[in-house]
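**Student:** Contents of model07.txt (compact mmCIF, C-alpha atoms and all ligand atoms) are given next:
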# COMPACT_ATOMS: atom_id res chain seq x y z
CA MET A 130 179.98 71.47 98.65
CA PRO A 131 181.90 74.72 99.29
CA THR A 132 181.82 77.77 97.06
CA GLY A 133 185.51 77.47 96.26
CA ALA A 134 184.99 74.10 94.60
CA ALA A 135 183.08 75.78 91.78
CA PHE A 136 181.79 74.14 88.58
CA LEU A 137 182.82 75.40 85.16
CA THR A 138 179.48 74.25 83.70
CA GLU A 139 176.05 73.34 85.01
CA LEU A 140 176.23 69.91 83.42
CA GLY A 141 175.32 66.71 85.23
CA ILE A 142 177.00 63.82 83.47
CA ARG A 143 175.82 60.22 83.57
CA SER A 144 178.21 58.42 81.23
CA GLY A 145 181.01 58.82 78.72
CA SER A 146 182.39 56.90 75.78
CA GLY A 147 185.16 57.95 73.40
CA ALA A 148 184.87 61.72 72.93
CA VAL A 149 181.18 61.90 73.92
CA VAL A 150 179.54 62.33 77.32
CA ARG A 151 175.81 61.89 78.02
CA ASP A 152 174.11 64.18 80.51
CA LEU A 153 171.37 63.31 82.99
CA ASP A 154 168.67 64.34 80.51
CA GLY A 155 170.07 62.05 77.84
CA ASN A 156 171.79 64.74 75.76
CA ASP A 157 175.09 63.79 74.12
CA LEU A 158 177.90 66.36 74.20
CA LEU A 159 181.27 66.40 72.50
CA ASP A 160 183.87 66.68 75.23
CA PHE A 161 186.78 68.94 74.26
CA ALA A 162 187.68 69.52 77.91
CA GLY A 163 188.42 65.82 78.34
CA GLY A 164 188.27 65.98 82.13
CA ILE A 165 190.94 68.73 81.85
CA GLY A 166 193.25 66.64 79.76
CA VAL A 167 192.71 63.33 81.54
CA VAL A 168 190.92 61.19 78.98
CA GLY A 169 193.59 61.18 76.27
CA ALA A 170 192.67 57.58 75.50
CA GLY A 171 188.96 58.48 75.48
CA HIS A 172 186.19 58.13 78.02
CA CYS A 173 186.02 54.64 79.52
CA PRO A 174 188.32 52.78 77.09
CA PRO A 175 187.02 49.17 77.21
CA GLU A 176 190.51 47.69 77.76
CA VAL A 177 190.97 49.95 80.78
CA THR A 178 187.56 49.39 82.34
CA ALA A 179 187.92 45.59 81.89
CA ALA A 180 191.29 45.65 83.69
CA ILE A 181 189.79 47.77 86.48
CA LYS A 182 186.94 45.27 86.95
CA ARG A 183 189.34 42.30 87.05
CA GLN A 184 191.61 44.02 89.54
CA ALA A 185 188.72 45.18 91.72
CA ASP A 186 187.72 41.55 92.29
CA GLU A 187 191.27 40.60 93.20
CA LEU A 188 192.71 43.37 95.37
CA LEU A 189 191.46 46.92 96.01
CA HIS A 190 194.09 48.04 98.45
CA VAL A 191 196.85 46.83 100.67
CA CYS A 192 198.92 50.07 100.74
CA GLY A 193 202.11 50.29 98.74
CA ILE A 194 203.98 51.06 101.95
CA VAL A 195 202.86 47.83 103.66
CA ALA A 196 203.49 45.42 100.79
CA THR A 197 204.16 45.26 97.09
CA TYR A 198 201.90 43.81 94.38
CA GLU A 199 202.33 43.15 90.68
CA PRO A 200 200.56 46.20 89.15
CA GLN A 201 202.72 48.57 91.21
CA VAL A 202 205.98 46.98 90.10
CA ALA A 203 204.83 46.55 86.50
CA LEU A 204 203.81 50.19 86.20
CA ALA A 205 207.05 51.47 87.72
CA GLU A 206 209.02 49.28 85.29
CA ARG A 207 206.97 50.50 82.34
CA MET A 208 207.46 54.15 83.27
CA ASN A 209 211.21 53.57 83.64
CA GLN A 210 211.28 52.11 80.13
CA ILE A 211 209.40 54.92 78.39
CA ALA A 212 210.70 58.04 80.17
CA PRO A 213 213.19 60.14 78.16
CA GLY A 214 216.92 59.48 78.44
CA ASP A 215 219.25 56.47 78.65
CA ALA A 216 220.25 56.76 82.33
CA PRO A 217 218.94 54.06 84.69
CA LYS A 218 215.63 55.25 86.14
CA LYS A 219 213.24 54.66 89.00
CA THR A 220 209.59 55.60 89.41
CA LEU A 221 207.62 56.72 92.44
CA LEU A 222 203.85 56.32 92.09
CA MET A 223 201.54 58.85 93.74
CA ASN A 224 197.88 59.90 93.39
CA SER A 225 197.77 63.38 91.85
CA GLY A 226 199.83 65.68 89.70
CA ALA A 227 200.49 67.97 92.65
CA GLU A 228 201.79 65.08 94.74
CA ALA A 229 204.07 64.04 91.92
CA VAL A 230 205.53 67.53 91.53
CA GLU A 231 205.92 67.95 95.29
CA SER A 232 207.68 64.57 95.55
CA ALA A 233 210.00 65.58 92.70
CA VAL A 234 210.87 68.75 94.61
CA ILE A 235 211.52 66.81 97.81
CA LEU A 236 213.79 64.39 95.95
CA SER A 237 215.71 67.23 94.30
CA ARG A 238 216.29 68.83 97.68
CA ALA A 239 217.43 65.56 99.22
CA HIS A 240 219.74 64.94 96.25
CA THR A 241 221.36 68.38 96.17
CA GLY A 242 221.16 69.40 99.83
CA ARG A 243 219.77 72.75 98.60
CA ALA A 244 216.42 74.48 99.02
CA GLY A 245 215.90 76.80 96.02
CA ILE A 246 213.30 75.99 93.37
CA LEU A 247 213.10 78.00 90.15
CA VAL A 248 209.74 78.18 88.37
CA PHE A 249 208.11 80.30 85.69
CA GLU A 250 205.44 82.94 85.29
CA GLY A 251 202.27 81.33 84.00
CA GLY A 252 203.25 77.96 85.46
CA TYR A 253 200.76 75.67 87.18
CA HIS A 254 201.92 72.81 89.36
CA GLY A 255 199.01 72.03 91.70
CA ARG A 256 197.30 73.09 94.89
CA THR A 257 199.22 71.60 97.80
CA ASN A 258 201.00 74.35 99.71
CA MET A 259 204.34 73.66 97.99
CA THR A 260 202.92 73.32 94.50
CA LEU A 261 200.53 76.25 95.00
CA SER A 262 203.54 78.32 95.98
CA MET A 263 205.15 77.28 92.70
CA THR A 264 201.98 78.05 90.77
CA SER A 265 201.45 81.41 89.05
CA LYS A 266 198.18 83.38 88.46
CA TYR A 267 197.64 84.74 91.94
CA GLY A 268 194.03 85.95 91.73
CA LEU A 269 192.46 82.66 90.70
CA PHE A 270 194.61 80.13 92.46
CA LYS A 271 196.28 81.75 95.48
CA LYS A 272 194.38 84.78 96.77
CA GLY A 273 193.93 84.58 100.54
CA PHE A 274 195.66 81.22 100.85
CA GLY A 275 199.14 82.22 102.04
CA PRO A 276 201.64 82.12 103.57
CA PHE A 277 203.34 80.23 100.81
CA ALA A 278 206.47 78.10 100.88
CA ALA A 279 209.85 79.82 100.98
CA GLU A 280 212.75 79.51 98.55
CA ILE A 281 210.73 79.70 95.36
CA TYR A 282 212.05 81.95 92.59
CA ARG A 283 210.07 82.88 89.51
CA VAL A 284 211.21 84.12 86.12
CA ALA A 285 209.37 85.06 82.93
CA PHE A 286 208.30 82.30 80.54
CA PRO A 287 208.85 83.28 76.90
CA ASN A 288 205.41 83.75 75.36
CA VAL A 289 206.32 84.85 71.86
CA LEU A 290 202.91 86.48 71.29
CA ARG A 291 203.53 88.92 74.12
CA ARG A 292 207.10 89.88 73.28
CA PRO A 293 208.26 93.49 73.60
CA PRO A 294 207.50 95.65 70.55
CA GLY A 295 210.23 95.69 67.93
CA MET A 296 211.69 92.30 68.80
CA ASP A 297 211.34 89.40 66.41
CA PRO A 298 210.53 85.98 67.87
CA GLU A 299 214.11 84.72 67.63
CA GLN A 300 215.55 87.81 69.32
CA PHE A 301 212.89 87.49 71.99
CA VAL A 302 213.84 83.91 72.81
CA GLY A 303 217.51 84.93 73.04
CA TRP A 304 216.54 87.86 75.25
CA SER A 305 214.49 85.49 77.46
CA VAL A 306 217.48 83.18 77.85
CA ASP A 307 219.54 86.22 78.92
CA ARG A 308 216.87 87.10 81.52
CA LEU A 309 217.10 83.53 82.81
CA TYR A 310 220.85 83.91 83.30
CA ASP A 311 220.25 87.33 84.89
CA ALA A 312 217.95 85.69 87.45
CA LEU A 313 220.92 83.64 88.61
CA VAL A 314 222.55 86.94 89.56
CA SER A 315 219.61 89.06 90.63
CA GLN A 316 217.47 86.44 92.42
CA VAL A 317 219.38 83.34 93.42
CA ASP A 318 222.73 81.72 92.81
CA GLY A 319 222.77 78.52 90.77
CA SER A 320 224.55 76.83 93.67
CA ALA A 321 221.49 77.47 95.88
CA LEU A 322 219.01 75.86 93.50
CA ALA A 323 217.82 72.29 93.96
CA ALA A 324 215.60 72.23 90.89
CA ILE A 325 214.28 74.11 87.91
CA VAL A 326 210.71 73.02 87.22
CA ILE A 327 209.25 73.71 83.80
CA GLU A 328 206.18 72.67 81.85
CA PRO A 329 207.56 72.08 78.33
CA VAL A 330 204.14 73.32 77.19
CA GLN A 331 202.39 75.43 79.78
CA GLY A 332 198.91 74.04 80.38
CA GLU A 333 196.87 76.35 82.60
CA GLY A 334 199.13 79.18 81.37
CA GLY A 335 197.47 78.92 77.94
CA PHE A 336 199.25 76.18 75.97
CA VAL A 337 202.47 78.11 75.53
CA PRO A 338 205.28 75.85 74.26
CA ALA A 339 208.72 76.55 75.71
CA PRO A 340 211.03 77.42 72.79
CA LYS A 341 213.72 74.80 72.25
CA PRO A 342 216.65 77.21 72.94
CA PHE A 343 215.00 78.07 76.25
CA LEU A 344 214.78 74.40 77.27
CA GLN A 345 218.39 73.92 76.12
CA ALA A 346 219.48 76.87 78.26
CA ILE A 347 217.76 75.36 81.30
CA ARG A 348 219.53 72.05 80.65
CA ARG A 349 222.86 73.91 80.37
CA ILE A 350 222.28 75.82 83.60
CA CYS A 351 221.28 72.63 85.42
CA ASP A 352 224.43 70.88 84.17
CA GLU A 353 226.67 73.82 85.11
CA HIS A 354 225.34 74.06 88.66
CA GLY A 355 224.28 70.50 89.49
CA ILE A 356 220.59 71.49 89.53
CA VAL A 357 217.86 68.90 88.91
CA MET A 358 215.81 69.64 85.78
CA ILE A 359 212.20 68.64 86.31
CA ALA A 360 209.82 68.53 83.34
CA ASP A 361 206.26 68.79 84.63
CA GLU A 362 204.44 66.70 82.02
CA VAL A 363 201.23 66.36 84.02
CA GLN A 364 199.13 68.12 81.35
CA ALA A 365 201.34 67.97 78.24
CA GLY A 366 202.59 64.40 78.66
CA MET A 367 201.08 61.00 77.82
CA GLY A 368 200.52 61.65 74.13
CA ARG A 369 198.84 65.05 74.42
CA THR A 370 201.32 66.68 72.03
CA GLY A 371 201.56 63.65 69.75
CA LYS A 372 204.60 62.32 71.60
CA LEU A 373 204.60 60.43 74.86
CA PHE A 374 206.38 63.30 76.59
CA SER A 375 206.16 66.86 75.30
CA ILE A 376 209.86 67.46 76.02
CA GLU A 377 210.63 64.87 73.35
CA HIS A 378 209.89 67.57 70.75
CA SER A 379 213.25 69.04 71.80
CA ASP A 380 216.56 67.21 72.21
CA VAL A 381 216.58 68.04 75.91
CA VAL A 382 216.54 65.21 78.44
CA PRO A 383 215.30 66.24 81.89
CA ASP A 384 216.43 64.53 85.09
CA ILE A 385 212.89 63.92 86.30
CA VAL A 386 209.48 63.86 84.59
CA THR A 387 206.20 64.11 86.44
CA THR A 388 203.09 62.59 84.87
CA ALA A 389 199.44 62.17 85.87
CA LYS A 390 196.14 63.08 84.12
CA SER A 391 195.95 60.91 80.96
CA LEU A 392 198.19 58.28 82.58
CA GLY A 393 195.24 56.73 84.39
CA SER A 394 192.28 57.53 82.08
CA GLY A 395 190.59 59.12 85.10
CA MET A 396 191.80 56.87 87.90
CA PRO A 397 193.84 58.95 90.36
CA ILE A 398 197.44 58.03 89.70
CA SER A 399 200.62 59.99 89.06
CA ALA A 400 204.27 59.17 88.57
CA VAL A 401 207.66 60.69 89.27
CA THR A 402 210.21 59.09 86.97
CA GLY A 403 213.83 60.08 87.07
CA ARG A 404 217.49 59.23 87.24
CA SER A 405 218.02 56.46 89.80
CA ASP A 406 220.69 58.41 91.70
CA ILE A 407 218.23 61.26 92.28
CA MET A 408 215.22 59.03 92.91
CA ASP A 409 217.20 57.10 95.55
CA SER A 410 218.10 60.26 97.48
CA ALA A 411 215.34 60.01 100.08
CA HIS A 412 215.82 57.81 103.14
CA PRO A 413 213.72 54.62 103.41
CA GLY A 414 210.21 55.61 104.49
CA GLY A 415 210.65 59.21 103.32
CA LEU A 416 208.23 58.90 100.39
CA GLY A 417 204.77 57.59 99.65
CA GLY A 418 201.21 57.80 100.93
CA THR A 419 198.30 55.61 101.99
CA TYR A 420 196.73 55.36 98.54
CA SER A 421 199.76 55.87 96.32
CA ALA A 422 200.23 53.16 93.68
CA ASN A 423 196.71 51.86 94.33
CA PRO A 424 196.39 48.53 92.46
CA VAL A 425 193.18 49.45 90.59
CA ALA A 426 194.63 52.79 89.49
CA ALA A 427 197.90 51.07 88.54
CA VAL A 428 196.22 48.54 86.20
CA ALA A 429 194.22 51.39 84.66
CA ALA A 430 197.52 53.16 83.96
CA LEU A 431 199.14 50.01 82.54
CA GLU A 432 196.24 49.46 80.13
CA THR A 433 196.14 53.15 79.21
CA LEU A 434 199.86 53.07 78.50
CA ALA A 435 199.36 50.02 76.28
CA LEU A 436 197.00 52.16 74.19
CA ILE A 437 198.97 55.40 74.23
CA THR A 438 202.41 53.95 73.55
CA ASP A 439 201.14 52.41 70.30
CA GLN A 440 202.78 54.46 67.52
CA ALA A 441 199.55 54.30 65.51
CA PHE A 442 197.73 56.02 68.40
CA LEU A 443 200.33 58.81 68.50
CA ASP A 444 200.32 59.18 64.71
CA ARG A 445 196.55 59.53 64.75
CA ALA A 446 196.83 62.17 67.51
CA VAL A 447 199.28 64.15 65.33
CA GLU A 448 196.92 63.84 62.37
CA MET A 449 194.01 65.05 64.47
CA GLY A 450 196.11 67.98 65.68
CA ARG A 451 196.88 68.98 62.09
CA ARG A 452 193.19 69.00 61.22
CA LEU A 453 192.32 71.01 64.30
CA ARG A 454 195.09 73.52 63.63
CA VAL A 455 194.06 74.08 60.02
CA GLY A 456 190.51 74.75 61.22
CA LEU A 457 191.63 77.06 64.02
CA ASP A 458 193.99 78.94 61.68
CA SER A 459 191.14 79.61 59.30
CA LEU A 460 188.98 80.86 62.18
CA ALA A 461 191.87 83.17 63.15
CA GLU A 462 191.80 84.59 59.63
CA LYS A 463 188.06 85.13 59.86
CA TYR A 464 187.91 86.69 63.35
CA ALA A 465 190.21 89.55 64.40
CA CYS A 466 189.62 88.68 68.07
CA ILE A 467 191.76 85.52 67.70
CA ALA A 468 195.28 86.81 68.23
CA ASP A 469 197.02 83.45 68.35
CA VAL A 470 196.56 79.79 67.54
CA ARG A 471 199.27 77.95 69.40
CA GLY A 472 200.40 74.81 71.11
CA LEU A 473 202.31 71.71 70.15
CA GLY A 474 200.87 68.96 67.97
CA PRO A 475 197.27 68.31 68.98
CA MET A 476 197.61 70.35 72.21
CA LEU A 477 196.08 73.57 70.88
CA ALA A 478 194.49 76.77 72.15
CA ILE A 479 193.30 80.10 70.77
CA GLU A 480 193.97 83.43 72.51
CA LEU A 481 191.26 86.11 72.39
CA VAL A 482 191.93 89.84 72.49
CA LYS A 483 190.03 93.12 72.27
CA ASP A 484 192.33 95.07 69.96
CA ASP A 485 195.66 95.31 68.15
CA ASN A 486 197.36 96.03 71.47
CA LEU A 487 196.50 92.44 72.44
CA THR A 488 194.30 93.54 75.36
CA PRO A 489 193.05 90.21 76.75
CA ASP A 490 189.32 89.56 76.43
CA PRO A 491 188.31 87.11 79.18
CA ASP A 492 184.60 88.07 78.90
CA LEU A 493 184.45 87.23 75.21
CA THR A 494 186.30 83.99 75.96
CA LEU A 495 183.70 83.06 78.56
CA GLU A 496 180.89 83.91 76.12
CA ILE A 497 182.45 81.64 73.51
CA THR A 498 182.76 78.69 75.91
CA LYS A 499 179.14 79.22 76.99
CA GLY A 500 178.13 79.33 73.33
CA THR A 501 179.89 76.07 72.49
CA LEU A 502 178.26 74.40 75.49
CA GLN A 503 174.80 75.49 74.37
CA ARG A 504 175.58 73.86 71.04
CA GLY A 505 176.73 70.62 72.65
CA LEU A 506 180.51 71.10 72.76
CA ILE A 507 182.31 71.31 76.11
CA THR A 508 185.26 73.70 76.04
CA ILE A 509 187.17 75.35 78.86
CA ARG A 510 189.42 78.36 79.27
CA ALA A 511 193.07 78.78 80.17
CA GLY A 512 195.76 81.45 80.18
CA LEU A 513 197.17 83.93 82.68
CA TYR A 514 194.39 86.32 81.63
CA SER A 515 191.72 83.60 81.24
CA ASN A 516 191.47 84.61 77.60
CA CYS A 517 192.32 81.36 75.87
CA VAL A 518 190.03 78.54 74.82
CA ARG A 519 191.99 75.31 75.10
CA PHE A 520 191.17 72.08 73.36
CA LEU A 521 191.83 68.87 75.25
CA PRO A 522 189.71 66.33 73.40
CA PRO A 523 190.33 62.63 73.73
CA LEU A 524 193.12 61.91 71.26
CA THR A 525 190.82 59.27 69.77
CA VAL A 526 188.41 61.94 68.48
CA THR A 527 187.31 61.35 64.87
CA ASP A 528 187.75 63.72 61.92
CA ALA A 529 183.99 64.24 61.85
CA GLN A 530 183.99 65.20 65.52
CA VAL A 531 186.86 67.66 65.00
CA ASP A 532 184.98 69.23 62.09
CA GLU A 533 181.80 69.41 64.16
CA ALA A 534 183.68 71.08 67.01
CA LEU A 535 185.19 73.62 64.61
CA ALA A 536 181.77 74.43 63.13
CA VAL A 537 180.33 74.90 66.63
CA LEU A 538 183.24 77.11 67.59
CA ASP A 539 182.76 79.19 64.44
CA ASP A 540 179.05 79.72 65.24
CA SER A 541 179.82 80.52 68.87
CA ILE A 542 182.46 83.12 68.00
CA ALA A 543 180.14 84.63 65.39
CA GLU A 544 177.39 84.97 67.97
CA ALA A 545 179.67 86.28 70.72
CA THR A 546 181.21 88.93 68.45
CA ALA A 547 178.00 89.97 66.69
CA PRO A 548 177.41 93.73 67.07
C1 LIG B 1 201.33 70.98 84.58
C2 LIG B 1 200.52 70.55 85.77
N1 LIG B 1 201.16 70.16 86.88
C3 LIG B 1 200.48 69.76 87.97
C4 LIG B 1 199.11 69.77 88.00
C5 LIG B 1 198.39 69.33 89.23
O1 LIG B 1 197.76 68.10 89.01
P1 LIG B 1 196.59 67.63 89.97
O2 LIG B 1 195.42 68.51 89.70
O3 LIG B 1 196.36 66.19 89.57
O4 LIG B 1 197.09 67.75 91.37
C6 LIG B 1 198.40 70.17 86.87
C7 LIG B 1 196.93 70.19 86.84
O5 LIG B 1 196.29 70.76 86.02
C8 LIG B 1 199.13 70.57 85.71
O6 LIG B 1 198.51 70.98 84.59
What does this structure look like when you write it as structure tokens?
Ligand SMILES: Cc1ncc(COP(=O)(O)O)c(C=O)c1O
**Tutor:**
Amino acid sequence: MPTGAAFLTELGIRSGSGAVVRDLDGNDLLDFAGGIGVVGAGHCPPEVTAAIKRQADELLHVCGIVATYEPQVALAERMNQIAPGDAPKKTLLMNSGAEAVESAVILSRAHTGRAGILVFEGGYHGRTNMTLSMTSKYGLFKKGFGPFAAEIYRVAFPNVLRRPPGMDPEQFVGWSVDRLYDALVSQVDGSALAAIVIEPVQGEGGFVPAPKPFLQAIRRICDEHGIVMIADEVQAGMGRTGKLFSIEHSDVVPDIVTTAKSLGSGMPISAVTGRSDIMDSAHPGGLGGTYSANPVAAVAALETLALITDQAFLDRAVEMGRRLRVGLDSLAEKYACIADVRGLGPMLAIELVKDDNLTPDPDLTLEITKGTLQRGLITIRAGLYSNCVRFLPPLTVTDAQVDEALAVLDDSIAEATAP
């Protein structure tokens, strides 16, 4: 395998169940990376694996372009029902998050007849050429891979922690909204934009929630100029923040949502769900792919949705998030290197710095993730400066497992910061 496809750990995993994975030597590890936010419903939920086995005996593939089949239609209908907003909706099923975002962009262009796409610093949307062009963090994701797609405009994402000195958080959000309006003068006219694409909580960017007034401003701008508002919910959606869609924490209704990751419990499936008039903009045959809406992946998503859409599941996720936040807040009081505990609901991260000037400390962050791994807890990093530890456990994780993870984290930070 090529160097570029690097491994974050040296683990070899044999099996997984709930929040625990077993390695090839028989060691059990608590998985707070969760396949990078994919196993929201836990590793191998029995309902999901049973549905996969049934479907595998019936039909593995026929291609959603050649013919239709029940799981494809059922999943599209289900997504139309649960996506935010009252407008009639349609769903396109694809394989990956990047494909979903790229399809949403294509549809927005077809709908508006415009090319411009506005995205945000710190954003991550995937690794196809279009979505890589939209993605931020040049050194890690983009270096040497250009040329990138044209007509992409990027503005600052309001990260309250890193606001200019002397501004309080509220002023900063207002100032950020002003900068957004400025971009429509300095960078691109609203009438040239097909879409504004935002993660309501930035994932790879370090679990930074978009402030509500910022999302409201985007909605206003989209309404004023006929721009499609796309909420990229690939990481933050499907219960990760304690709601089905992270944008539901605000009163903003996007035109399109993209989902993937925890939708399929690990089976490759993604969805673009949006207003029917936008979704119907492409000509017949203009969308799709050989494997998109694969029947086995579609039944996995249907069964996963049956678990995740249960209010009790979401309530438990919120409860777990509260416990995790209390623990992380107390670690932040104990260790000066933790500059921020942030996120939305159970989608939480800590940001690590060297000093009061908030100088990012990616080396310490790496040491901490190595330390947790040695103690049997898988954690991974995030953030523009790779100085956040993010927690993406299965949302089914127990109180005891959260407490264990917090104790391991405490020990790992103590060791990594010891003089
Ligand atoms: C917000 C967001 N969008 C898109 C993607 C791309 O998804 P995929 O890796 O399935 O292509 C990711 C992946 O991490 C993501 O977090």
**Student:** What lies within 8 Å of A:Val317 using all atoms listed in the file, ignoring chain neighbours under 5 positions off, as a PyMOL selection string?
**Tutor:** chain A and resi 245+282+312+322
**Student:** Could the centre and edge lengths of an axis-aligned box, enclosing all atoms of ligand LIG 1 (chain B) in the file with 5 Å extra on each side, be given in Å to one decimal as lines of an AutoDock Vina configuration file?
**Tutor:**
center_x = 198.4
center_y = 68.6
center_z = 88.0
size_x = 15.9
size_y = 14.8
size_z = 16.8
**Student:** Calculated over only C-alpha atoms and all ligand atoms, which of the candidates A:Met223, A:Ala279, A:Ile467, A:Leu453 has the smallest distance to ligand LIG 1 (chain B)?
**Tutor:**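 Counting only C-alpha atoms and all ligand atoms, the residue closest to ligand LIG 1 (chain B) is A:Met223.
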**Student:** Using all atoms listed in the file, what are the residues with an atom within 10 Å of ligand LIG 1 (chain B), set out as a PDB file with C-alpha atoms, in the coordinates of the input?
**Tutor:**
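Output below, filename result_10.pdb:
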ATOM      1  CA  ILE A 165     190.940  68.730  81.850  1.00  0.00           C
ATOM      2  CA  GLY A 166     193.250  66.640  79.760  1.00  0.00           C
ATOM      3  CA  VAL A 167     192.710  63.330  81.540  1.00  0.00           C
ATOM      4  CA  MET A 223     201.540  58.850  93.740  1.00  0.00           C
ATOM      5  CA  ASN A 224     197.880  59.900  93.390  1.00  0.00           C
ATOM      6  CA  SER A 225     197.770  63.380  91.850  1.00  0.00           C
ATOM      7  CA  GLY A 226     199.830  65.680  89.700  1.00  0.00           C
ATOM      8  CA  ALA A 227     200.490  67.970  92.650  1.00  0.00           C
ATOM      9  CA  GLU A 228     201.790  65.080  94.740  1.00  0.00           C
ATOM     10  CA  ALA A 229     204.070  64.040  91.920  1.00  0.00           C
ATOM     11  CA  VAL A 230     205.530  67.530  91.530  1.00  0.00           C
ATOM     12  CA  GLU A 231     205.920  67.950  95.290  1.00  0.00           C
ATOM     13  CA  GLY A 252     203.250  77.960  85.460  1.00  0.00           C
ATOM     14  CA  TYR A 253     200.760  75.670  87.180  1.00  0.00           C
ATOM     15  CA  HIS A 254     201.920  72.810  89.360  1.00  0.00           C
ATOM     16  CA  GLY A 255     199.010  72.030  91.700  1.00  0.00           C
ATOM     17  CA  ARG A 256     197.300  73.090  94.890  1.00  0.00           C
ATOM     18  CA  THR A 257     199.220  71.600  97.800  1.00  0.00           C
ATOM     19  CA  THR A 260     202.920  73.320  94.500  1.00  0.00           C
ATOM     20  CA  LEU A 261     200.530  76.250  95.000  1.00  0.00           C
ATOM     21  CA  THR A 264     201.980  78.050  90.770  1.00  0.00           C
ATOM     22  CA  VAL A 326     210.710  73.020  87.220  1.00  0.00           C
ATOM     23  CA  ILE A 327     209.250  73.710  83.800  1.00  0.00           C
ATOM     24  CA  GLU A 328     206.180  72.670  81.850  1.00  0.00           C
ATOM     25  CA  PRO A 329     207.560  72.080  78.330  1.00  0.00           C
ATOM     26  CA  VAL A 330     204.140  73.320  77.190  1.00  0.00           C
ATOM     27  CA  GLN A 331     202.390  75.430  79.780  1.00  0.00           C
ATOM     28  CA  GLY A 332     198.910  74.040  80.380  1.00  0.00           C
ATOM     29  CA  GLU A 333     196.870  76.350  82.600  1.00  0.00           C
ATOM     30  CA  GLY A 334     199.130  79.180  81.370  1.00  0.00           C
ATOM     31  CA  ALA A 360     209.820  68.530  83.340  1.00  0.00           C
ATOM     32  CA  ASP A 361     206.260  68.790  84.630  1.00  0.00           C
ATOM     33  CA  GLU A 362     204.440  66.700  82.020  1.00  0.00           C
ATOM     34  CA  VAL A 363     201.230  66.360  84.020  1.00  0.00           C
ATOM     35  CA  GLN A 364     199.130  68.120  81.350  1.00  0.00           C
ATOM     36  CA  ALA A 365     201.340  67.970  78.240  1.00  0.00           C
ATOM     37  CA  GLY A 366     202.590  64.400  78.660  1.00  0.00           C
ATOM     38  CA  THR A 387     206.200  64.110  86.440  1.00  0.00           C
ATOM     39  CA  THR A 388     203.090  62.590  84.870  1.00  0.00           C
ATOM     40  CA  ALA A 389     199.440  62.170  85.870  1.00  0.00           C
ATOM     41  CA  LYS A 390     196.140  63.080  84.120  1.00  0.00           C
ATOM     42  CA  PRO A 397     193.840  58.950  90.360  1.00  0.00           C
ATOM     43  CA  ILE A 398     197.440  58.030  89.700  1.00  0.00           C
ATOM     44  CA  SER A 399     200.620  59.990  89.060  1.00  0.00           C
TER      45      SER A 399
END
**Student:** If we count only C-alpha atoms and set the cut-off at 12 Å, which residues sit around A:Leu313, ignoring sequence neighbours fewer than 3 positions away in its own chain? Please answer as a PDB file with C-alpha atoms, in the coordinates of the input.
**Tutor:**
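Resulting contents of part-v8.pdb:
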ATOM      1  CA  GLY A 245     215.900  76.800  96.020  1.00  0.00           C
ATOM      2  CA  ILE A 246     213.300  75.990  93.370  1.00  0.00           C
ATOM      3  CA  LEU A 247     213.100  78.000  90.150  1.00  0.00           C
ATOM      4  CA  TYR A 282     212.050  81.950  92.590  1.00  0.00           C
ATOM      5  CA  ARG A 283     210.070  82.880  89.510  1.00  0.00           C
ATOM      6  CA  VAL A 284     211.210  84.120  86.120  1.00  0.00           C
ATOM      7  CA  VAL A 306     217.480  83.180  77.850  1.00  0.00           C
ATOM      8  CA  ASP A 307     219.540  86.220  78.920  1.00  0.00           C
ATOM      9  CA  ARG A 308     216.870  87.100  81.520  1.00  0.00           C
ATOM     10  CA  LEU A 309     217.100  83.530  82.810  1.00  0.00           C
ATOM     11  CA  TYR A 310     220.850  83.910  83.300  1.00  0.00           C
ATOM     12  CA  GLN A 316     217.470  86.440  92.420  1.00  0.00           C
ATOM     13  CA  VAL A 317     219.380  83.340  93.420  1.00  0.00           C
ATOM     14  CA  ASP A 318     222.730  81.720  92.810  1.00  0.00           C
ATOM     15  CA  GLY A 319     222.770  78.520  90.770  1.00  0.00           C
ATOM     16  CA  SER A 320     224.550  76.830  93.670  1.00  0.00           C
ATOM     17  CA  ALA A 321     221.490  77.470  95.880  1.00  0.00           C
ATOM     18  CA  LEU A 322     219.010  75.860  93.500  1.00  0.00           C
ATOM     19  CA  ILE A 325     214.280  74.110  87.910  1.00  0.00           C
ATOM     20  CA  ILE A 347     217.760  75.360  81.300  1.00  0.00           C
ATOM     21  CA  ILE A 350     222.280  75.820  83.600  1.00  0.00           C
ATOM     22  CA  CYS A 351     221.280  72.630  85.420  1.00  0.00           C
ATOM     23  CA  GLU A 353     226.670  73.820  85.110  1.00  0.00           C
ATOM     24  CA  HIS A 354     225.340  74.060  88.660  1.00  0.00           C
TER      25      HIS A 354
END
**Student:** Counting all atoms listed in the file, which residues have an atom no more than 9 Å from (217.0, 70.6, 89.5) in the file's coordinates? Please list them as a PyMOL selection string.
**Tutor:** chain A and resi 234+237-238+241+246-247+322-326+351+355-359+383-385
**Student:** Set the distance at 8 Å and use all atoms listed in the file: which residues neighbour stretch 204-213 of chain A once local chain neighbours fewer than 3 positions away are removed? I'd like the list as a ChimeraX atom specification.
**Tutor:** /A:200-201,217-222,374,377,382-383,386,400,402-403,427-428,430-431
**Student:** Atom CA of A:Asp484 and atom CA of A:Ala511 are how many Å apart?
**Tutor:**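 Atom-to-atom, atom CA of A:Asp484 to atom CA of A:Ala511, that is 19.2 Å.
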**Student:** Measure the distance from atom CA of A:Cys192 to atom CA of A:Ala426 in Å and round it to one decimal.
**Tutor:**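 According to the coordinates, atom CA of A:Cys192 and atom CA of A:Ala426 are separated by 12.3 Å.
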